[in-house]
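Below is one structure, written out as structure tokens; comments come after it.
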Amino acid sequence: MSTKNEHSLLKDAAINKPIHSITKFTTLDYPHHLASIFWFAKCNMACPYCYNPHIVRDNGNISLDEALEFLQNRQGRLDSVVLSGGECTLYPHLEAFCEAIKALDYKIKIDTNGSNPELLRTLIENGLVDYIALDYKAPHYKYTELTHYRHFERFEQSLNLLIRSYLPFEVRTTLHSDLLTPADINAIIEDLHKKEYLGTYYLQNYLHVEPTLGATKKQQNQFDLSQLTPLLPIELRNF
């Protein structure tokens with residue numbers, strides 16, 4: 001079966017190479033699934049602790065046709081694909097790409113910063129995504145400072161959309177204790193509670209790597225987990 005013949009809709013889009021790299025196999029990034037990860041190049045945020053500065057800054061290396069051929073060759077060995085980055089929702093042909101992935105009978109998980117609520121709505125309404133991991137980077141009063149992105153309301157639209165949808169999703173925050181305090185995390189928890197988020201809130205401990213996007217150093221401050229409000233169930237990752 002020819003990828004180009006089967007997915008002619010993607011022919012022009014595949015001239016570009018939006019995918020920076022592929023993780024061929026993971027059991028960690030999509031719970032209870034055997035997945036690969038497509039890392040999309042570029043991001044509209046600049047979080048200082050980002051451990052993918054090469055993905056954010058560099059251009060892509062892999063076309064859509066090459067990515068689909070990879071999936072064709074792994075049918076029966078993988079059951080899902082994680083679209084991550086960078087920020088995959090920046091890519092204008094993502095809806096068509098998801099359609100092509102679905103035609104190969106894969107489930108799709110999307111990792112997103114929530115800055116493109118219109119695309120998320122389209123993907124959800126058309127059954128083109130099965131799970132979303134939404135990054136709640138910081139409370140509203142610290143959001144622009146941390147992300148260098150001014151439009152917190154765009155993230156809020158995505159969060160409200162997901163809360164009111166049927167789609168399985170999670171909300172998560174990467175915690176660097178020099179950047180976010182217990183009061184900051186409590187502000188996020190209180191906002192989620194107010195918006196009637198009913199899921200688990202995932203708090204991901206920053207694990208130091210070099211380089212990071214903002215030359216972030218190892219955490220110096222102690223973070224007192226006992227100060228967190230019990231309004232939501234919290235699951236810790238990498239603590």
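Ordered as shown in the structure tokens, chains take letters A, B, and onward, while each chain numbers its residues from 1 and ligands are numbered from 1 in the order shown.
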
- Task: Select from stretch 14-151 of chain A everything DSSP, run on the backbone, classes as strand (DSSP E), then give the selection as a ChimeraX atom specification.
- Result: /A:19-26,35-40,80-85,107-112,131-135

- Task: Give the alpha helix (DSSP H) residues of chain A, as DSSP finds them on the backbone, and put them as a VMD selection string.
- Result: chain A and resid 3 to 6 53 to 57 64 to 72 94 to 103 117 to 125 140 to 147 152 to 163 182 to 194

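Using only C-alpha atoms, the protein and nucleic acid residues lying no more than 6 Å from stretch 176-184 of chain A, apart from those fewer than 3 places from it along its own chain, are Ala187, Tyr206, Gln219, Asn221 and Phe223 of chain A.
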
- Task: Could you please determine the separation between atom CA of A:Thr212 and atom CA of A:Ile55 in Å, to one decimal place?
- Result: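 Atom CA of A:Ile55 lies at a distance of 11.0 Å from atom CA of A:Thr212.
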
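For stretch 155-157 of chain A, the non-local neighbours within 8 Å, defined as residues at least 6 positions apart in the same chain or in other chains and counting only C-alpha atoms, are Asn113, Gly114, Ser115, Asn116 and Pro117 of chain A.
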